[in-house]
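Structure file query_17.csv with CSV, C-alpha atoms:
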```
chain,number,residue,atom,x,y,z
A,1,MET,CA,0.0,0.0,0.0
A,2,THR,CA,1.5,3.4,-1.0
A,3,ALA,CA,1.4,6.4,1.3
A,4,ARG,CA,-1.1,8.1,-1.0
A,5,SER,CA,-3.4,5.1,-1.0
A,6,ALA,CA,-3.1,4.8,2.8
A,7,GLU,CA,-4.0,8.5,3.1
A,8,ARG,CA,-7.0,8.0,0.9
A,9,TRP,CA,-8.2,5.1,3.0
A,10,LEU,CA,-7.8,7.2,6.2
A,11,VAL,CA,-9.7,10.1,4.7
A,12,VAL,CA,-12.6,7.8,3.8
A,13,ALA,CA,-12.4,6.3,7.3
A,14,CYS,CA,-12.5,9.8,8.9
A,15,LEU,CA,-15.5,10.9,6.8
A,16,CYS,CA,-17.4,7.6,7.6
A,17,ALA,CA,-16.6,8.0,11.3
A,18,LEU,CA,-17.8,11.6,11.3
A,19,ALA,CA,-21.0,10.6,9.5
A,20,ALA,CA,-21.5,7.8,12.1
A,21,LEU,CA,-20.9,10.2,15.0
A,22,ALA,CA,-23.4,12.6,13.5
A,23,LEU,CA,-26.1,9.8,13.3
A,24,MET,CA,-25.3,8.6,16.8
A,25,THR,CA,-25.6,12.2,18.1
A,26,TRP,CA,-28.8,12.9,16.2
A,27,GLN,CA,-30.7,10.2,18.3
A,28,ILE,CA,-29.7,12.0,21.5
A,29,PHE,CA,-31.4,15.2,20.4
A,30,ASP,CA,-34.4,13.6,18.6
A,31,PRO,CA,-35.1,10.3,20.3
A,32,THR,CA,-37.9,9.2,18.0
A,33,VAL,CA,-38.2,6.0,16.0
A,34,TRP,CA,-36.2,6.8,12.9
A,35,PRO,CA,-33.2,8.6,14.4
A,36,VAL,CA,-32.8,5.8,17.0
A,37,MET,CA,-33.2,3.1,14.4
A,38,ILE,CA,-30.8,4.7,12.0
A,39,ALA,CA,-28.2,5.4,14.7
A,40,MET,CA,-28.3,1.8,15.9
A,41,SER,CA,-28.0,0.4,12.3
A,42,LEU,CA,-26.4,2.7,9.8
A,43,GLY,CA,-24.5,4.6,12.4
A,44,GLN,CA,-23.0,1.3,13.8
A,45,VAL,CA,-22.1,0.0,10.3
A,46,LEU,CA,-20.4,3.3,9.3
A,47,GLY,CA,-18.5,3.4,12.5
A,48,THR,CA,-17.4,-0.2,12.3
A,49,ALA,CA,-16.4,0.2,8.6
A,50,SER,CA,-14.3,3.3,9.5
A,51,PHE,CA,-12.4,1.4,12.3
A,52,ALA,CA,-11.9,-1.6,10.0
A,53,ALA,CA,-10.4,0.7,7.3
A,54,PHE,CA,-8.1,2.2,9.9
A,55,ALA,CA,-7.1,-1.3,11.1
A,56,TYR,CA,-6.4,-2.3,7.5
A,57,VAL,CA,-4.1,0.7,6.9
A,58,VAL,CA,-2.2,0.1,10.1
A,59,PHE,CA,-1.8,-3.6,9.4
A,60,ALA,CA,-0.7,-2.9,5.8
A,61,ASP,CA,1.8,-0.3,7.1
A,62,PHE,CA,3.1,-2.8,9.7
A,63,ARG,CA,3.6,-5.5,7.1
A,64,ALA,CA,5.4,-3.0,4.7
A,65,ARG,CA,7.7,-1.9,7.5
A,66,ARG,CA,8.5,-5.5,8.5
A,67,ARG,CA,9.2,-6.4,4.9
A,68,THR,CA,11.5,-3.4,4.5
A,69,ALA,CA,13.3,-4.3,7.7
A,70,LYS,CA,13.8,-7.9,6.6
A,71,GLU,CA,15.1,-6.8,3.2
A,72,SER,CA,17.5,-4.4,4.7
A,73,ARG,CA,18.8,-7.1,7.1
A,74,ARG,CA,19.3,-9.4,4.1
A,75,ALA,CA,21.2,-6.7,2.2
A,76,GLU,CA,23.6,-6.2,5.1
A,77,PRO,CA,27.0,-7.9,4.6
A,78,GLN,CA,27.6,-10.9,6.8
B,1,MET,CA,-35.3,11.9,29.8
B,2,THR,CA,-33.3,15.1,28.9
B,3,ILE,CA,-29.7,15.3,28.0
B,4,ALA,CA,-28.8,17.1,31.2
B,5,ASN,CA,-30.1,14.3,33.4
B,6,SER,CA,-28.7,11.5,31.4
B,7,PRO,CA,-25.0,10.8,32.1
B,8,LEU,CA,-24.9,8.4,29.1
B,9,ALA,CA,-26.0,11.2,26.8
B,10,VAL,CA,-23.2,13.4,28.2
B,11,VAL,CA,-20.7,10.6,27.8
B,12,GLU,CA,-21.8,10.0,24.2
B,13,LEU,CA,-21.6,13.7,23.3
B,14,ALA,CA,-18.2,14.1,25.0
B,15,CYS,CA,-16.8,11.1,23.1
B,16,ALA,CA,-18.3,12.2,19.8
B,17,ALA,CA,-16.9,15.7,20.3
B,18,LEU,CA,-13.4,14.5,21.1
B,19,SER,CA,-13.4,12.1,18.2
B,20,ALA,CA,-14.7,14.8,15.8
B,21,VAL,CA,-11.9,17.2,16.9
B,22,ILE,CA,-9.2,14.5,16.1
B,23,LEU,CA,-10.8,13.5,12.8
B,24,VAL,CA,-11.3,17.0,11.5
B,25,GLY,CA,-7.8,17.8,12.6
B,26,TYR,CA,-6.5,14.9,10.6
B,27,LEU,CA,-8.5,15.9,7.6
B,28,PHE,CA,-7.1,19.4,7.6
B,29,VAL,CA,-3.4,18.6,8.5
B,30,ARG,CA,-3.0,15.2,6.8
B,31,PRO,CA,0.1,14.3,8.8
B,32,PRO,CA,2.3,11.4,7.7
B,33,LEU,CA,1.5,8.0,9.2
B,34,LEU,CA,3.8,8.0,12.1
B,35,ARG,CA,3.3,6.4,15.5
B,36,ALA,CA,1.7,9.6,17.0
B,37,THR,CA,-0.7,9.9,14.0
B,38,LYS,CA,-1.7,6.2,14.4
B,39,LEU,CA,-2.2,6.7,18.1
B,40,ALA,CA,-4.3,9.8,17.5
B,41,LEU,CA,-6.4,8.0,14.9
B,42,LEU,CA,-6.8,5.0,17.2
B,43,LEU,CA,-8.4,7.4,19.6
B,44,GLY,CA,-10.4,9.2,16.9
B,45,LEU,CA,-11.5,6.2,15.0
B,46,GLY,CA,-11.5,3.5,17.7
B,47,VAL,CA,-11.6,4.4,21.4
B,48,PHE,CA,-13.9,7.5,21.3
B,49,PRO,CA,-16.4,6.3,18.7
B,50,ILE,CA,-16.7,3.0,20.5
B,51,GLY,CA,-17.3,4.9,23.7
B,52,ALA,CA,-19.9,7.1,21.9
B,53,ALA,CA,-21.6,4.0,20.3
B,54,PHE,CA,-21.7,2.2,23.6
B,55,ALA,CA,-23.1,5.1,25.6
B,56,GLY,CA,-25.4,6.1,22.7
B,57,ASN,CA,-26.8,2.6,22.3
B,58,VAL,CA,-27.6,2.2,25.9
B,59,HIS,CA,-29.1,5.7,26.0
B,60,GLY,CA,-31.1,5.0,22.8
B,61,PHE,CA,-32.2,1.7,24.1
B,62,GLU,CA,-33.6,3.4,27.3
B,63,GLU,CA,-35.2,6.0,25.1
B,64,THR,CA,-37.1,3.3,23.2
B,65,LYS,CA,-39.1,2.7,26.5
B,66,GLU,CA,-40.4,6.3,26.5
B,67,ARG,CA,-44.0,7.1,25.5
B,68,LYS,CA,-42.6,9.9,23.2
B,69,PHE,CA,-40.7,7.2,21.3
B,70,CYS,CA,-43.8,4.9,21.0
B,71,GLY,CA,-46.0,7.9,19.9
B,72,SER,CA,-43.6,9.0,17.2
B,73,CYS,CA,-45.3,6.6,14.7
B,74,HIS,CA,-48.5,8.1,13.4
B,75,THR,CA,-50.4,5.0,14.2
B,76,MET,CA,-49.7,5.5,17.9
B,77,VAL,CA,-50.4,9.2,18.1
B,78,LEU,CA,-53.9,8.8,19.7
B,79,HIS,CA,-52.6,6.3,22.3
B,80,ALA,CA,-49.8,8.7,23.3
B,81,ALA,CA,-52.1,11.7,23.3
B,82,ASP,CA,-54.6,9.9,25.6
B,83,SER,CA,-51.8,8.9,28.0
B,84,ASP,CA,-50.6,12.5,28.0
B,85,ASP,CA,-54.2,13.7,28.8
B,86,ARG,CA,-54.2,14.3,32.6
B,87,THR,CA,-58.0,14.2,32.6
B,88,SER,CA,-58.5,11.0,30.7
B,89,ARG,CA,-60.2,8.1,32.6
B,90,ALA,CA,-58.7,5.5,30.3
B,91,LEU,CA,-56.8,2.7,32.1
B,92,ALA,CA,-53.6,3.5,30.1
B,93,SER,CA,-53.8,7.2,31.1
B,94,GLU,CA,-54.5,6.5,34.7
B,95,HIS,CA,-51.4,4.3,34.8
B,96,ALA,CA,-49.4,7.0,33.0
B,97,ARG,CA,-50.2,9.3,35.9
B,98,ASN,CA,-48.7,6.8,38.3
B,99,ALA,CA,-45.0,7.6,39.0
B,100,MET,CA,-44.1,3.9,38.7
B,101,PHE,CA,-45.2,4.0,35.0
B,102,GLY,CA,-44.9,7.7,34.1
B,103,GLY,CA,-43.4,8.3,30.7
B,104,GLU,CA,-42.7,4.6,30.2
B,105,ASN,CA,-46.3,3.4,30.6
B,106,CYS,CA,-46.4,1.9,27.1
B,107,TYR,CA,-43.4,-0.2,27.7
B,108,THR,CA,-44.3,-1.1,31.3
B,109,CYS,CA,-47.7,-2.6,30.2
B,110,HIS,CA,-46.6,-4.1,26.8
B,111,ALA,CA,-43.2,-5.5,27.7
B,112,ASP,CA,-42.5,-9.2,27.8
B,113,TYR,CA,-41.1,-9.9,31.3
B,114,GLY,CA,-39.7,-13.4,30.5
B,115,MET,CA,-36.1,-14.3,31.0
B,116,PHE,CA,-35.1,-12.6,27.8
B,117,GLY,CA,-38.0,-10.2,28.1
B,118,THR,CA,-36.3,-7.0,27.0
B,119,VAL,CA,-34.7,-8.6,24.0
B,120,VAL,CA,-38.0,-10.3,23.1
B,121,THR,CA,-39.9,-7.0,23.5
B,122,LYS,CA,-37.4,-5.1,21.3
B,123,ALA,CA,-37.4,-7.9,18.7
B,124,GLY,CA,-41.2,-7.5,18.7
B,125,GLY,CA,-40.7,-3.8,18.2
B,126,LEU,CA,-38.7,-4.6,15.1
B,127,ARG,CA,-41.7,-6.5,13.8
B,128,HIS,CA,-43.7,-3.4,14.4
B,129,VAL,CA,-41.2,-1.4,12.3
B,130,TRP,CA,-41.5,-3.9,9.5
B,131,LEU,CA,-45.3,-3.8,9.6
B,132,TYR,CA,-45.2,0.0,9.7
B,133,LEU,CA,-43.0,0.1,6.6
B,134,THR,CA,-44.9,-2.5,4.6
B,135,GLU,CA,-48.5,-2.0,5.6
B,136,TYR,CA,-49.2,1.1,7.8
B,137,ARG,CA,-46.9,3.8,6.5
B,138,ASN,CA,-49.6,5.6,4.5
B,139,THR,CA,-52.7,4.4,6.2
B,140,SER,CA,-55.1,6.7,8.0
B,141,LEU,CA,-55.9,6.4,11.6
B,142,GLU,CA,-59.5,5.3,10.8
B,143,GLU,CA,-58.1,2.4,8.7
B,144,ASP,CA,-55.6,1.6,11.5
B,145,LYS,CA,-58.3,1.4,14.1
B,146,LYS,CA,-60.0,-1.4,12.1
B,147,ARG,CA,-56.8,-3.4,11.8
B,148,ILE,CA,-54.4,-2.9,14.7
B,149,HIS,CA,-55.0,-5.2,17.6
B,150,LEU,CA,-53.0,-7.0,20.2
B,151,ARG,CA,-51.3,-10.1,18.9
B,152,ASP,CA,-51.6,-12.0,22.1
B,153,PRO,CA,-54.2,-10.5,24.5
B,154,SER,CA,-53.8,-13.3,27.0
B,155,GLN,CA,-50.3,-12.0,27.7
B,156,MET,CA,-51.7,-8.7,29.0
B,157,ASN,CA,-53.0,-10.1,32.3
B,158,ALA,CA,-49.5,-11.4,33.2
B,159,ASN,CA,-48.3,-7.8,33.0
B,160,CYS,CA,-51.2,-6.5,35.1
B,161,MET,CA,-50.3,-9.2,37.7
B,162,ARG,CA,-46.8,-8.0,38.0
B,163,CYS,CA,-48.2,-5.2,40.2
B,164,HIS,CA,-51.6,-6.5,41.0
B,165,SER,CA,-50.6,-10.0,42.2
B,166,THR,CA,-54.1,-11.4,42.6
B,167,GLU,CA,-53.0,-12.7,46.0
B,168,ASP,CA,-53.5,-9.7,48.2
B,169,THR,CA,-56.3,-10.2,50.9
B,170,LEU,CA,-58.0,-6.9,50.0
B,171,TRP,CA,-58.0,-7.9,46.3
B,172,LEU,CA,-59.4,-11.3,47.2
B,173,LYS,CA,-62.3,-9.7,49.2
B,174,VAL,CA,-63.8,-8.4,45.9
B,175,PRO,CA,-66.4,-11.1,44.9
B,176,ASP,CA,-65.8,-10.5,41.1
B,177,HIS,CA,-62.1,-11.2,41.6
B,178,VAL,CA,-62.7,-14.4,43.4
B,179,ALA,CA,-65.3,-15.6,40.9
B,180,SER,CA,-62.9,-15.0,38.0
B,181,LEU,CA,-59.7,-15.9,39.7
B,182,ASP,CA,-58.7,-18.9,37.6
B,183,ASP,CA,-59.7,-17.2,34.3
B,184,THR,CA,-57.9,-14.0,35.3
B,185,ARG,CA,-54.6,-15.8,36.2
B,186,ALA,CA,-54.8,-17.9,33.1
B,187,GLY,CA,-55.4,-14.8,30.9
B,188,ARG,CA,-58.7,-16.1,29.7
B,189,MET,CA,-60.5,-13.1,31.1
B,190,GLY,CA,-58.9,-9.7,30.6
B,191,CYS,CA,-58.5,-7.4,33.5
B,192,ALA,CA,-58.7,-4.6,31.0
B,193,SER,CA,-62.0,-5.6,29.4
B,194,ALA,CA,-65.3,-3.9,29.1
B,195,GLY,CA,-67.0,-5.8,31.9
B,196,CYS,CA,-64.1,-5.4,34.4
B,197,HIS,CA,-61.8,-2.4,34.6
B,198,GLY,CA,-62.5,-1.1,31.2
B,199,LEU,CA,-60.4,-1.1,28.1
B,200,ALA,CA,-56.9,0.3,28.3
B,201,HIS,CA,-57.4,2.4,25.2
B,202,PRO,CA,-61.2,2.7,24.9
B,203,PHE,CA,-61.1,5.4,22.2
B,204,TRP,CA,-59.4,2.9,19.9
B,205,ALA,CA,-61.8,0.0,20.3
B,206,LEU,CA,-65.1,1.8,20.8
B,207,ASP,CA,-64.8,4.0,17.7
B,208,ALA,CA,-64.4,1.2,15.3
B,209,GLY,CA,-65.2,-2.0,17.0
B,210,ALA,CA,-61.6,-3.2,16.8
B,211,LYS,CA,-60.3,-6.0,18.9
B,212,PRO,CA,-59.2,-4.6,22.3
```
Is it possible to give me this structure as structure tokens?
Amino acid sequence: MTARSAERWLVVACLCALAALALMTWQIFDPTVWPVMIAMSLGQVLGTASFAAFAYVVFADFRARRRTAKESRRAEPQ
Amino acid sequence: MTIANSPLAVVELACAALSAVILVGYLFVRPPLLRATKLALLLGLGVFPIGAAFAGNVHGFEETKERKFCGSCHTMVLHAADSDDRTSRALASEHARNAMFGGENCYTCHADYGMFGTVVTKAGGLRHVWLYLTEYRNTSLEEDKKRIHLRDPSQMNANCMRCHSTEDTLWLKVPDHVASLDDTRAGRMGCASAGCHGLAHPFWALDAGAKP
């Protein structure tokens, strides 16, 4: 994963999380059927998706760093 | 329940605000993915939103017990209005004036109190949402009066008996109670029926002859 691609994923994750937070906050101010239902369904899905995207970026970054470290160790003279 | 007297709502708002500050900050600054950025994003995308979701869900779940919530579908507007009416003599309204029921009188009388009662009740609520979307979304109240009825009326006595145990000596001194004791306990004769304590929502049944 390139740095640009990681940033794109994180931007999408941030926007999803902000949307999820807005939906979850809406139900506090208007506790009627639809806001509560939407917060507990769409809000949860968006929030979970944003965290999953973040976890994916961190995992991909960790793997890339480990690969780079391995390669640099291999390249060192014995 | 207002925001000020609900600690969960305050926690939810605080978590959401902290998370939003971090996320908006990231979107504006776009720092490189260093350890500090990851840590900040872990808080902004993980810890605080999870806290907000947890507090929000519990708060939302509690809100689903409120009459305001039940009355927010057009089919239940008359029921909620009757419970809000301090002068109404309907059984539901009289219970709404009791502090033990108060704003949660719909839930208190219609909940399932079995082992998984709350979950079962809320699952039943999802059934109501489905019926609302598929059948009642555009119906008039007059049409609704002819169709909406209790799915299991025999269950209602069990909920009455949570408070009115049918074992109290004063209660057992009433000849009608003694005569109908077995039927009442078995749910064959409704406490909230025309011959006994009156219908819980008389305006609903009397107008259109719907099932109580």
Find the distance between atom CA of Arg63 of chain A and atom CA of Phe28 of chain B and write it in Å to one decimal.
27.1 Å
Identify every residue of chain A that has at least one atom within 7 Å of any atom of chain B, counting all atoms listed in the file, and report the result as an NGL selection string.
:A and (11 or 14 or 17-18 or 21 or 24-25 or 27-28 or 31-33 or 36 or 40 or 50-51)
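If you look at atom CA of Ala90 of chain B and atom CA of Tyr132 of chain B, they are 25.2 Å away from each other.
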Taking the point (-62.5, 1.4, 29.3) as given in the file, collect each protein or nucleic acid residue that comes within 8 Å of it, counting all atoms listed in the file, and present the set as a VMD selection string.
chain B and resid 89 to 91 192 to 194 197 to 202
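In terms of minimum interatomic distance to Cys16 of chain A, A:Leu42 ranks closest within A:Ala55, A:Leu42, A:Ala64, A:Ala69, counting only C-alpha atoms.
Using only C-alpha atoms, the smallest distance between any of B:Val11, B:Cys106, B:Ala158, B:Cys163 and Arg185 of chain B comes from B:Ala158.
Interatomic distance, atom CA of Ala52 of chain A against atom CA of Leu39 of chain B: 15.1 Å.
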Pick from A:Ala20, A:Pro35, A:Ala60, A:Glu76 nearest to Met1 of chain A, counting only C-alpha atoms:
A:Ala60
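With only C-alpha atoms as the atoms that count, the residue of A:Ser5, A:Ala19, A:Leu10, A:Arg67 with the shortest distance to Leu46 of chain A is A:Ala19.
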Long-range neighbours of Ala111 of chain B as a ChimeraX atom specification, 9 Å cut-off, all atoms listed in the file, 2 positions minimum in chain:
/B:106-109,113,117-118,120-122,159
Select, from B:His74, B:Leu172, B:Asn5, B:Gly125, the residue with the minimum atom-to-atom distance to Thr139 of chain B, counting all atoms listed in the file.
B:His74
